[in-house]
Amino acid sequence: MGATARSTRVESPSPVRELWYLSRMKRGRSILIVGGGTAGWLTAAYLARALRISEQAHLSITVLESPEIGAIGVGEATFPTIRNTLQFLGIDEARFIRQTSATFKQGIRFVDWGDAPSEGRRHSFFHPFEAPFSTDGVSLAPYWLLQDQASRAPFAEAVTIQARVADAARAPKRPHESDFSGPLNYAYHFDAAKLAEVLAERARELGVRHLQGHVGETVLDETGAIARIVSPEHGGLTADLYIDCSGFRAELIGKALSAPFKSARPVLFADRAVACRAPYARPDAPIQSYTVATAHEAGWLWDIGLSGARGVGCVYSSDHIDDDRAEAILRDYVGAEVETRRIAFEAGYREKQWIDNCVAVGLSAGFLEPLESTGVVLIEAAVAMIAELFPHTGPVSAPARRFNELMAARYENIIVFLKLHYALSRRPERFWRENTDPATIPERLQDLLEQWRHRPPARFDFILDLETFAFFNYQYILYGMGFETDLADGADEFPDAAGAAKLFAKIRGFADRATQDLPNHRDLIAQINRFGFEERVLA
């Protein structure tokens with residue numbers, strides 16, 4: 001997987017290839033995953049569990065991992081789907097938290113996105129993981145929109161209890177509750193390198209073979225498919241399906257198969273990040289159970305609380321500020337001397353992520369800035385589809401067209417959602433003004449915004465299997481950013497204002513109780529690290 005990797009093509013008579021293909025069908029299927037990290041080891045563990053390779057002698061999975069190349073680690077946060085994935089893999093939640101320095105994540109706190117700081121005033125809103133409360137299928141959003149703007153609670157606080165719980169630094173669950181469950185929806189913040197170690201250990205337990213080595217050459221057959229990979233350490237390696245998890249290097253899908261890359265730069269301007277680890281101000285400082293995303297003049301900063309330190313990074317556009325200015329913004333935010341590392345990237349994806357007998361997962365397939373923690377979500381979506389569509393017989397490329405359609409749609413829809421955060425800003429800097437230029441806003445988003453001026457986002461705006469985010473996620477961003485949906489002329493269509501007022505009051509009461517009943521986030525993490533999920537008195 002080094003920079004010297006190259007691809008060549010070999011010719012073989014078609015009868016020979018046909019005999020080879022038939023012999024492979026008799027022996028079963030083999031999968032070779034190139035690259036480790038979160039993408040490689042999550043793919044390996046998930047497929048090993050889904051395909052039950054430990055019980056199927058005719059199936060095998062091998063991971064070829066370079067010992068020198070570490071995880072990119074641009075973001076260390078996840079989406080709630082990770083809980084189902086970890087549970088499916090059979091990973092104990094307390095063990096996961098201990099071994100990855102994990103903490104709970106209940107959403108994202110956006111700071112300074114709507115307006116730049118002015119005279120001590122700062123714009124802020126919360127995007128929770130919980131769906132809004134509803135009664136008998138009736139949405140509270142219209143009733144919130146009809147309230148007095150000057151006195152109503154922020155949208156997320158009005159329709160869920162999670163905003164109050166998270167702001168009070170409370171955890172989303174209690175110590176006696178079972179793995180991956182609790183009264184509130186949640187994900188995690190974690191150390192990406194440590195997560196890869198946990199996933200690798202589990203993959204090996206499930207029967208995955210692990211090889212440490214490099215890709216020196218990728219040999220293609222006369223049809224353009226991969227015939228074998230040549231490793232200096234292990235010689236020729238063959239498989240029925242090759243999975244490219246080699247990160248930005250894209251050794252197979254990019255270098256060998258030349259799959260074109262579709263840039264999202266015309267829509268999403270950020271192309272750089274500078275990151276660091278920052279200490280807490282004191283050992284007992286609160287650990288926020290949400291990511292803090294703070295806008296700056298040409299991008300935004302992430303701030304993620306782990307159990308031992310904070311992961312902080314500055315995402316920015318090199319067309320709007322230079323590297324030194326970005327580093328200064330980061331250091332000013334952290335307020336301490338820290339060691340930094342710089343990461344260059346291009347937002348976008350490969351429209352064909354499955355070509356012949358090769359499929360890309362993770363950064364080799366595409367990358368979108370970590371604004372809504374979509375990196376691991378896209379890995380989860382890809383590997384779940386590979387498992388579901390896996391061709392046990394017949395051409396290994398059979399699922400390629402459907403896989404490519406679904407993944408391309410998912411990337412495009414995430415790009416639309418990420419652009420929404422920028423397109424509604426009122427900040428005066430050039431970066432932000434260019435983000436509101438209609439020429440940079442996807443046509444689909446422009447159409448939806450026009451509709452949402454007269455009604456809130458609804459579930460029929462989206463096709464669930466192609467989406468990562470639901471209609472209520474759009475509501476949280478729209479109304480957090482101050483978008484106006486005018487329902488005044490149709491107020492008579494929402495006659496149960498009294499019933500809605502009672503439900504709003506009930507949500508406030510539930511939030512009051514939850515902030516008392518749920519444990520302090522730092523205390524719960526400390527308890528899990530010491531005892532696991534056991535009902536003990538918190539120290």
# chains A, B, ... in the order shown; residues from 1 in each chain; ligands from 1

call {"tool": "residues_around", "arguments": {"residues": "stretch 367-384 of chain A", "least_positions_apart": "5", "cutoff": "9 Å", "atoms": "only C-alpha atoms", "output": "MDAnalysis selection string"}}
result
chainID A and resid 38:39 42:44 46:47 50 74:82 85 108 248 264 268 270:271 293 300 302 315 345:349 360:362 389 403 407 410:411 414:415 418 468

call {"tool": "residues_around", "arguments": {"residues": "A:Leu237", "least_positions_apart": "3", "cutoff": "9 Å", "atoms": "only C-alpha atoms", "output": "PDB file with C-alpha atoms, in the first residue's frame"}}
result
ATOM      1  CA  LEU A  32      -9.177  -9.833   0.337  1.00  0.00           C
ATOM      2  CA  ALA A 227      -6.212 -10.969 -11.256  1.00  0.00           C
ATOM      3  CA  ARG A 228      -3.986 -10.754  -8.196  1.00  0.00           C
ATOM      4  CA  ILE A 229      -2.198  -8.422  -5.825  1.00  0.00           C
ATOM      5  CA  VAL A 230       1.530  -8.843  -5.420  1.00  0.00           C
ATOM      6  CA  SER A 231       2.872  -8.110  -1.959  1.00  0.00           C
ATOM      7  CA  HIS A 234       3.597 -12.357   0.839  1.00  0.00           C
TER       8      HIS A 234
END

call {"tool": "closest_atom_pairs", "arguments": {"of": "stretch 278-395 of chain A", "to": "stretch 157-175 of chain A", "cutoff": "10 Å", "atoms": "only C-alpha atoms", "output": "JSON lines"}}
result
{"residue": "A:Pro286", "atom": "CA", "partner": "A:Ala169", "partner_atom": "CA", "distance": 6.7}
{"residue": "A:Ile287", "atom": "CA", "partner": "A:Ala169", "partner_atom": "CA", "distance": 6.8}
{"residue": "A:Gln288", "atom": "CA", "partner": "A:Ala169", "partner_atom": "CA", "distance": 5.6}
{"residue": "A:Ser289", "atom": "CA", "partner": "A:Ala166", "partner_atom": "CA", "distance": 5.9}
{"residue": "A:Tyr290", "atom": "CA", "partner": "A:Ala166", "partner_atom": "CA", "distance": 6.9}

call {"tool": "write_last_selection", "arguments": {"atoms": "N, CA and C atoms", "output": "compact mmCIF listing (two decimals), in the first residue's frame"}}
result
# COMPACT_ATOMS: atom_id res chain seq x y z
N PRO A 286 -16.16 19.15 33.19
CA PRO A 286 -17.27 18.42 32.56
C PRO A 286 -16.88 17.90 31.18
N ILE A 287 -17.37 16.71 30.85
CA ILE A 287 -17.20 16.17 29.50
C ILE A 287 -18.53 16.37 28.78
N GLN A 288 -18.52 17.18 27.75
CA GLN A 288 -19.76 17.41 27.02
C GLN A 288 -20.17 16.14 26.28
N SER A 289 -21.46 15.82 26.32
CA SER A 289 -21.94 14.63 25.61
C SER A 289 -22.48 15.02 24.24
N TYR A 290 -21.79 15.95 23.61
CA TYR A 290 -22.10 16.34 22.24
C TYR A 290 -20.84 16.92 21.61

call {"tool": "residues_around", "arguments": {"residues": "stretch 333-343 of chain A", "least_positions_apart": "2", "cutoff": "6 Å", "atoms": "only C-alpha atoms", "output": "ChimeraX atom specification"}}
result
/A:272-276,330-331

call {"tool": "select_by_dssp", "arguments": {"residues": "stretch 22-192 of chain A", "states": "helix (DSSP H, G or I)", "output": "number ranges by chain"}}
result
A: 22-27, 37-51, 81-89, 93-100, 141-145, 155-159, 162-167, 192

call {"tool": "write_last_selection", "arguments": {"atoms": "C-alpha atoms", "output": "tab-separated table (two decimals), in the first residue's frame"}}
result
chain	number	residue	atom	x	y	z
A	22	LEU	CA	-15.53	-22.83	-12.27
A	23	SER	CA	-12.91	-24.11	-9.85
A	24	ARG	CA	-13.39	-21.05	-7.67
A	25	MET	CA	-17.14	-21.67	-7.61
A	26	LYS	CA	-16.55	-25.18	-6.32
A	27	ARG	CA	-14.22	-23.98	-3.59
A	37	GLY	CA	-8.02	1.19	10.11
A	38	THR	CA	-11.68	1.70	10.93
A	39	ALA	CA	-12.82	0.96	7.36
A	40	GLY	CA	-10.81	-2.21	6.87
A	41	TRP	CA	-11.43	-3.81	10.22
A	42	LEU	CA	-15.09	-2.81	10.44
A	43	THR	CA	-15.60	-4.31	6.99
A	44	ALA	CA	-13.75	-7.47	7.94
A	45	ALA	CA	-15.56	-7.99	11.24
A	46	TYR	CA	-19.00	-7.20	9.81
A	47	LEU	CA	-18.64	-9.51	6.82
A	48	ALA	CA	-17.16	-12.27	8.97
A	49	ARG	CA	-20.17	-12.07	11.27
A	50	ALA	CA	-22.77	-11.65	8.51
A	51	LEU	CA	-21.37	-14.42	6.31
A	81	THR	CA	-26.24	3.52	13.94
A	82	ILE	CA	-22.87	2.53	15.42
A	83	ARG	CA	-24.66	0.99	18.40
A	84	ASN	CA	-26.49	-1.51	16.19
A	85	THR	CA	-23.23	-2.29	14.40
A	86	LEU	CA	-21.26	-2.92	17.59
A	87	GLN	CA	-24.08	-5.03	19.00
A	88	PHE	CA	-24.25	-7.05	15.78
A	89	LEU	CA	-20.51	-7.69	16.03
A	93	GLU	CA	-20.35	-1.85	25.26
A	94	ALA	CA	-18.36	-1.33	28.45
A	95	ARG	CA	-15.32	-2.97	26.88
A	96	PHE	CA	-15.70	-0.74	23.83
A	97	ILE	CA	-15.88	2.39	26.01
A	98	ARG	CA	-12.87	1.38	28.10
A	99	GLN	CA	-10.65	0.34	25.19
A	100	THR	CA	-11.38	3.32	22.93
A	141	ALA	CA	-43.30	21.74	14.38
A	142	PRO	CA	-46.25	23.79	13.01
A	143	TYR	CA	-47.39	24.71	16.51
A	144	TRP	CA	-43.88	25.83	17.41
A	145	LEU	CA	-43.72	27.91	14.22
A	155	PHE	CA	-36.79	24.37	18.53
A	156	ALA	CA	-34.72	21.43	19.82
A	157	GLU	CA	-35.45	22.38	23.43
A	158	ALA	CA	-39.17	22.74	22.72
A	159	VAL	CA	-39.68	19.38	21.01
A	162	GLN	CA	-32.27	15.90	24.90
A	163	ALA	CA	-31.10	19.48	24.47
A	164	ARG	CA	-31.58	20.20	28.17
A	165	VAL	CA	-30.05	16.89	29.22
A	166	ALA	CA	-26.96	17.41	27.08
A	167	ASP	CA	-26.47	21.02	28.16
A	192	ALA	CA	-10.16	6.19	16.09

call {"tool": "atom_distance", "arguments": {"atom1": "atom CA of A:Leu184", "atom2": "atom CA of A:Glu130"}}
result
6.7 Å

call {"tool": "atom_distance", "arguments": {"atom1": "atom CA of A:Asp112", "atom2": "atom CA of A:His296"}}
result
7.5 Å

call {"tool": "closest_residue", "arguments": {"among": "A:Leu518, A:Ala203, A:Ala470, A:Leu487", "to": "A:Pro456", "atoms": "only C-alpha atoms"}}
result
A:Leu487

call {"tool": "residues_around", "arguments": {"residues": "A:Glu65", "least_positions_apart": "2", "cutoff": "8 Å", "atoms": "only C-alpha atoms", "output": "MDAnalysis selection string"}}
result
chainID A and resid 34:36 63 67 210:214

call {"tool": "write_last_selection", "arguments": {"atoms": "N, CA, C and O atoms", "output": "PDB file, in the first residue's frame"}}
result
ATOM      1  N   VAL A  34      -7.826  -4.797   1.425  1.00  0.00           N
ATOM      2  CA  VAL A  34      -6.553  -4.092   1.402  1.00  0.00           C
ATOM      3  C   VAL A  34      -6.675  -2.842   2.267  1.00  0.00           C
ATOM      4  O   VAL A  34      -7.402  -1.904   1.927  1.00  0.00           O
ATOM      5  N   GLY A  35      -6.002  -2.871   3.415  1.00  0.00           N
ATOM      6  CA  GLY A  35      -6.050  -1.739   4.334  1.00  0.00           C
ATOM      7  C   GLY A  35      -6.745  -2.092   5.628  1.00  0.00           C
ATOM      8  O   GLY A  35      -7.707  -2.857   5.634  1.00  0.00           O
ATOM      9  N   GLY A  36      -6.247  -1.534   6.714  1.00  0.00           N
ATOM     10  CA  GLY A  36      -6.849  -1.760   8.028  1.00  0.00           C
ATOM     11  C   GLY A  36      -7.635  -0.527   8.456  1.00  0.00           C
ATOM     12  O   GLY A  36      -8.518  -0.067   7.744  1.00  0.00           O
ATOM     13  N   VAL A  63      -7.248  -9.765   5.638  1.00  0.00           N
ATOM     14  CA  VAL A  63      -6.925  -8.341   5.666  1.00  0.00           C
ATOM     15  C   VAL A  63      -5.424  -8.188   5.458  1.00  0.00           C
ATOM     16  O   VAL A  63      -4.628  -8.763   6.194  1.00  0.00           O
ATOM     17  N   PRO A  67       1.912  -2.038   8.105  1.00  0.00           N
ATOM     18  CA  PRO A  67       2.240  -1.756   9.508  1.00  0.00           C
ATOM     19  C   PRO A  67       2.632  -0.307   9.760  1.00  0.00           C
ATOM     20  O   PRO A  67       2.620   0.156  10.894  1.00  0.00           O
ATOM     21  N   HIS A 210      -5.138 -12.240   9.163  1.00  0.00           N
ATOM     22  CA  HIS A 210      -4.487 -10.934   9.176  1.00  0.00           C
ATOM     23  C   HIS A 210      -3.071 -11.063   8.637  1.00  0.00           C
ATOM     24  O   HIS A 210      -2.269 -11.841   9.166  1.00  0.00           O
ATOM     25  N   LEU A 211      -2.765 -10.293   7.600  1.00  0.00           N
ATOM     26  CA  LEU A 211      -1.419 -10.230   7.044  1.00  0.00           C
ATOM     27  C   LEU A 211      -0.906  -8.803   7.134  1.00  0.00           C
ATOM     28  O   LEU A 211      -1.628  -7.867   6.783  1.00  0.00           O
ATOM     29  N   GLN A 212       0.312  -8.637   7.588  1.00  0.00           N
ATOM     30  CA  GLN A 212       0.931  -7.322   7.577  1.00  0.00           C
ATOM     31  C   GLN A 212       1.849  -7.223   6.366  1.00  0.00           C
ATOM     32  O   GLN A 212       2.736  -8.059   6.170  1.00  0.00           O
ATOM     33  N   GLY A 213       1.625  -6.228   5.552  1.00  0.00           N
ATOM     34  CA  GLY A 213       2.422  -6.083   4.349  1.00  0.00           C
ATOM     35  C   GLY A 213       1.911  -4.968   3.466  1.00  0.00           C
ATOM     36  O   GLY A 213       0.989  -4.242   3.832  1.00  0.00           O
ATOM     37  N   HIS A 214       2.519  -4.859   2.292  1.00  0.00           N
ATOM     38  CA  HIS A 214       2.227  -3.772   1.370  1.00  0.00           C
ATOM     39  C   HIS A 214       1.708  -4.308   0.039  1.00  0.00           C
ATOM     40  O   HIS A 214       1.867  -5.487  -0.268  1.00  0.00           O
TER      41      HIS A 214
END

call {"tool": "atom_distance", "arguments": {"atom1": "atom CA of A:Arg109", "atom2": "atom CA of A:Lys419"}}
result
17.1 Å

call {"tool": "residues_around", "arguments": {"residues": "A:Ala131", "least_positions_apart": "2", "cutoff": "7 Å", "atoms": "only C-alpha atoms", "output": "PyMOL selection string"}}
result
chain A and resi 129+133+472

call {"tool": "write_last_selection", "arguments": {"atoms": "C-alpha atoms", "output": "mmCIF file, in the first residue's frame"}}
result
data_model
loop_
_atom_site.group_PDB
_atom_site.id
_atom_site.type_symbol
_atom_site.label_atom_id
_atom_site.label_comp_id
_atom_site.auth_asym_id
_atom_site.auth_seq_id
_atom_site.Cartn_x
_atom_site.Cartn_y
_atom_site.Cartn_z
ATOM 1 C CA PHE A 129 -30.243 12.615 18.022
ATOM 2 C CA PHE A 133 -42.033 14.284 20.367
ATOM 3 C CA PHE A 472 -36.574 16.042 11.498
#

call {"tool": "decode", "arguments": {"residues": "stretch 28-142 of chain A", "atoms": "C-alpha atoms", "output": "PDB file, in the first residue's frame"}}
result
ATOM      1  CA  GLY A  28     -16.374 -21.058  -2.473  1.00  0.00           C
ATOM      2  CA  ARG A  29     -15.663 -17.371  -2.148  1.00  0.00           C
ATOM      3  CA  SER A  30     -12.637 -15.519  -0.814  1.00  0.00           C
ATOM      4  CA  ILE A  31     -12.401 -11.841   0.127  1.00  0.00           C
ATOM      5  CA  LEU A  32      -9.177  -9.833   0.337  1.00  0.00           C
ATOM      6  CA  ILE A  33      -9.412  -6.487   2.143  1.00  0.00           C
ATOM      7  CA  VAL A  34      -6.553  -4.092   1.402  1.00  0.00           C
ATOM      8  CA  GLY A  35      -6.050  -1.739   4.334  1.00  0.00           C
ATOM      9  CA  GLY A  36      -6.849  -1.760   8.028  1.00  0.00           C
ATOM     10  CA  GLY A  37      -8.017   1.191  10.110  1.00  0.00           C
ATOM     11  CA  THR A  38     -11.675   1.696  10.930  1.00  0.00           C
ATOM     12  CA  ALA A  39     -12.823   0.961   7.361  1.00  0.00           C
ATOM     13  CA  GLY A  40     -10.806  -2.207   6.867  1.00  0.00           C
ATOM     14  CA  TRP A  41     -11.425  -3.808  10.221  1.00  0.00           C
ATOM     15  CA  LEU A  42     -15.091  -2.809  10.440  1.00  0.00           C
ATOM     16  CA  THR A  43     -15.599  -4.305   6.985  1.00  0.00           C
ATOM     17  CA  ALA A  44     -13.751  -7.471   7.942  1.00  0.00           C
ATOM     18  CA  ALA A  45     -15.560  -7.989  11.240  1.00  0.00           C
ATOM     19  CA  TYR A  46     -18.997  -7.204   9.810  1.00  0.00           C
ATOM     20  CA  LEU A  47     -18.642  -9.509   6.818  1.00  0.00           C
ATOM     21  CA  ALA A  48     -17.159 -12.270   8.968  1.00  0.00           C
ATOM     22  CA  ARG A  49     -20.166 -12.068  11.273  1.00  0.00           C
ATOM     23  CA  ALA A  50     -22.771 -11.652   8.512  1.00  0.00           C
ATOM     24  CA  LEU A  51     -21.366 -14.425   6.310  1.00  0.00           C
ATOM     25  CA  ARG A  52     -20.519 -16.671   9.306  1.00  0.00           C
ATOM     26  CA  ILE A  53     -17.106 -17.493   7.895  1.00  0.00           C
ATOM     27  CA  SER A  54     -16.038 -19.368  11.035  1.00  0.00           C
ATOM     28  CA  GLU A  55     -18.779 -21.902  10.232  1.00  0.00           C
ATOM     29  CA  GLN A  56     -18.286 -21.902   6.459  1.00  0.00           C
ATOM     30  CA  ALA A  57     -15.088 -23.601   5.333  1.00  0.00           C
ATOM     31  CA  HIS A  58     -15.660 -22.441   1.763  1.00  0.00           C
ATOM     32  CA  LEU A  59     -15.610 -18.740   2.755  1.00  0.00           C
ATOM     33  CA  SER A  60     -12.538 -16.771   3.788  1.00  0.00           C
ATOM     34  CA  ILE A  61     -11.631 -13.162   4.575  1.00  0.00           C
ATOM     35  CA  THR A  62      -8.069 -11.820   4.667  1.00  0.00           C
ATOM     36  CA  VAL A  63      -6.925  -8.341   5.666  1.00  0.00           C
ATOM     37  CA  LEU A  64      -3.649  -7.057   4.204  1.00  0.00           C
ATOM     38  CA  GLU A  65      -2.601  -4.165   6.412  1.00  0.00           C
ATOM     39  CA  SER A  66       0.425  -1.936   6.154  1.00  0.00           C
ATOM     40  CA  PRO A  67       2.240  -1.756   9.508  1.00  0.00           C
ATOM     41  CA  GLU A  68       3.434   1.807   8.912  1.00  0.00           C
ATOM     42  CA  ILE A  69       0.293   3.626   7.776  1.00  0.00           C
ATOM     43  CA  GLY A  70      -2.029   4.716  10.569  1.00  0.00           C
ATOM     44  CA  ALA A  71      -5.628   5.904  10.604  1.00  0.00           C
ATOM     45  CA  ILE A  72      -6.393   9.375   9.221  1.00  0.00           C
ATOM     46  CA  GLY A  73      -8.589  10.164  12.233  1.00  0.00           C
ATOM     47  CA  VAL A  74     -10.125  13.349  10.806  1.00  0.00           C
ATOM     48  CA  GLY A  75     -13.127  12.912  13.072  1.00  0.00           C
ATOM     49  CA  GLU A  76     -13.647  10.824  16.149  1.00  0.00           C
ATOM     50  CA  ALA A  77     -17.421  10.873  16.382  1.00  0.00           C
ATOM     51  CA  THR A  78     -20.226   8.640  15.208  1.00  0.00           C
ATOM     52  CA  PHE A  79     -23.933   8.457  14.439  1.00  0.00           C
ATOM     53  CA  PRO A  80     -26.376   6.320  16.527  1.00  0.00           C
ATOM     54  CA  THR A  81     -26.238   3.524  13.937  1.00  0.00           C
ATOM     55  CA  ILE A  82     -22.870   2.531  15.419  1.00  0.00           C
ATOM     56  CA  ARG A  83     -24.661   0.992  18.403  1.00  0.00           C
ATOM     57  CA  ASN A  84     -26.488  -1.514  16.190  1.00  0.00           C
ATOM     58  CA  THR A  85     -23.235  -2.292  14.398  1.00  0.00           C
ATOM     59  CA  LEU A  86     -21.257  -2.919  17.590  1.00  0.00           C
ATOM     60  CA  GLN A  87     -24.083  -5.030  19.004  1.00  0.00           C
ATOM     61  CA  PHE A  88     -24.250  -7.054  15.775  1.00  0.00           C
ATOM     62  CA  LEU A  89     -20.511  -7.688  16.026  1.00  0.00           C
ATOM     63  CA  GLY A  90     -20.904  -8.956  19.583  1.00  0.00           C
ATOM     64  CA  ILE A  91     -18.711  -6.274  21.170  1.00  0.00           C
ATOM     65  CA  ASP A  92     -19.449  -5.526  24.810  1.00  0.00           C
ATOM     66  CA  GLU A  93     -20.354  -1.847  25.261  1.00  0.00           C
ATOM     67  CA  ALA A  94     -18.362  -1.326  28.454  1.00  0.00           C
ATOM     68  CA  ARG A  95     -15.317  -2.965  26.879  1.00  0.00           C
ATOM     69  CA  PHE A  96     -15.696  -0.742  23.828  1.00  0.00           C
ATOM     70  CA  ILE A  97     -15.884   2.390  26.012  1.00  0.00           C
ATOM     71  CA  ARG A  98     -12.867   1.384  28.096  1.00  0.00           C
ATOM     72  CA  GLN A  99     -10.648   0.339  25.187  1.00  0.00           C
ATOM     73  CA  THR A 100     -11.378   3.319  22.928  1.00  0.00           C
ATOM     74  CA  SER A 101     -11.482   6.110  25.562  1.00  0.00           C
ATOM     75  CA  ALA A 102     -15.068   6.603  24.424  1.00  0.00           C
ATOM     76  CA  THR A 103     -17.679   8.982  25.753  1.00  0.00           C
ATOM     77  CA  PHE A 104     -21.351   9.407  24.866  1.00  0.00           C
ATOM     78  CA  LYS A 105     -22.554  11.717  22.116  1.00  0.00           C
ATOM     79  CA  GLN A 106     -26.139  13.020  22.066  1.00  0.00           C
ATOM     80  CA  GLY A 107     -25.876  15.426  19.154  1.00  0.00           C
ATOM     81  CA  ILE A 108     -24.030  18.529  17.977  1.00  0.00           C
ATOM     82  CA  ARG A 109     -23.965  22.032  19.439  1.00  0.00           C
ATOM     83  CA  PHE A 110     -23.499  24.564  16.610  1.00  0.00           C
ATOM     84  CA  VAL A 111     -21.948  27.875  17.656  1.00  0.00           C
ATOM     85  CA  ASP A 112     -21.658  31.051  15.537  1.00  0.00           C
ATOM     86  CA  TRP A 113     -23.121  29.457  12.389  1.00  0.00           C
ATOM     87  CA  GLY A 114     -26.103  31.743  11.935  1.00  0.00           C
ATOM     88  CA  ASP A 115     -24.295  34.973  12.788  1.00  0.00           C
ATOM     89  CA  ALA A 116     -20.754  35.988  13.608  1.00  0.00           C
ATOM     90  CA  PRO A 117     -20.125  36.936  17.262  1.00  0.00           C
ATOM     91  CA  SER A 118     -21.056  40.556  17.908  1.00  0.00           C
ATOM     92  CA  GLU A 119     -20.926  42.674  21.082  1.00  0.00           C
ATOM     93  CA  GLY A 120     -20.744  39.604  23.285  1.00  0.00           C
ATOM     94  CA  ARG A 121     -23.700  37.906  21.583  1.00  0.00           C
ATOM     95  CA  ARG A 122     -23.222  34.481  20.025  1.00  0.00           C
ATOM     96  CA  HIS A 123     -25.609  32.398  17.959  1.00  0.00           C
ATOM     97  CA  SER A 124     -25.993  28.769  19.073  1.00  0.00           C
ATOM     98  CA  PHE A 125     -28.348  25.847  18.503  1.00  0.00           C
ATOM     99  CA  PHE A 126     -28.470  22.130  19.214  1.00  0.00           C
ATOM    100  CA  HIS A 127     -29.002  19.226  16.799  1.00  0.00           C
ATOM    101  CA  PRO A 128     -30.078  16.266  18.983  1.00  0.00           C
ATOM    102  CA  PHE A 129     -30.243  12.615  18.022  1.00  0.00           C
ATOM    103  CA  GLU A 130     -33.735  12.246  19.460  1.00  0.00           C
ATOM    104  CA  ALA A 131     -36.669  12.643  17.097  1.00  0.00           C
ATOM    105  CA  PRO A 132     -39.182  15.334  18.103  1.00  0.00           C
ATOM    106  CA  PHE A 133     -42.033  14.284  20.367  1.00  0.00           C
ATOM    107  CA  SER A 134     -45.343  13.849  18.595  1.00  0.00           C
ATOM    108  CA  THR A 135     -48.812  12.751  19.596  1.00  0.00           C
ATOM    109  CA  ASP A 136     -51.137  10.619  17.464  1.00  0.00           C
ATOM    110  CA  GLY A 137     -48.821  11.233  14.533  1.00  0.00           C
ATOM    111  CA  VAL A 138     -49.270  15.013  14.787  1.00  0.00           C
ATOM    112  CA  SER A 139     -46.082  17.051  14.436  1.00  0.00           C
ATOM    113  CA  LEU A 140     -45.313  19.783  16.940  1.00  0.00           C
ATOM    114  CA  ALA A 141     -43.305  21.744  14.379  1.00  0.00           C
ATOM    115  CA  PRO A 142     -46.251  23.791  13.009  1.00  0.00           C
TER     116      PRO A 142
END
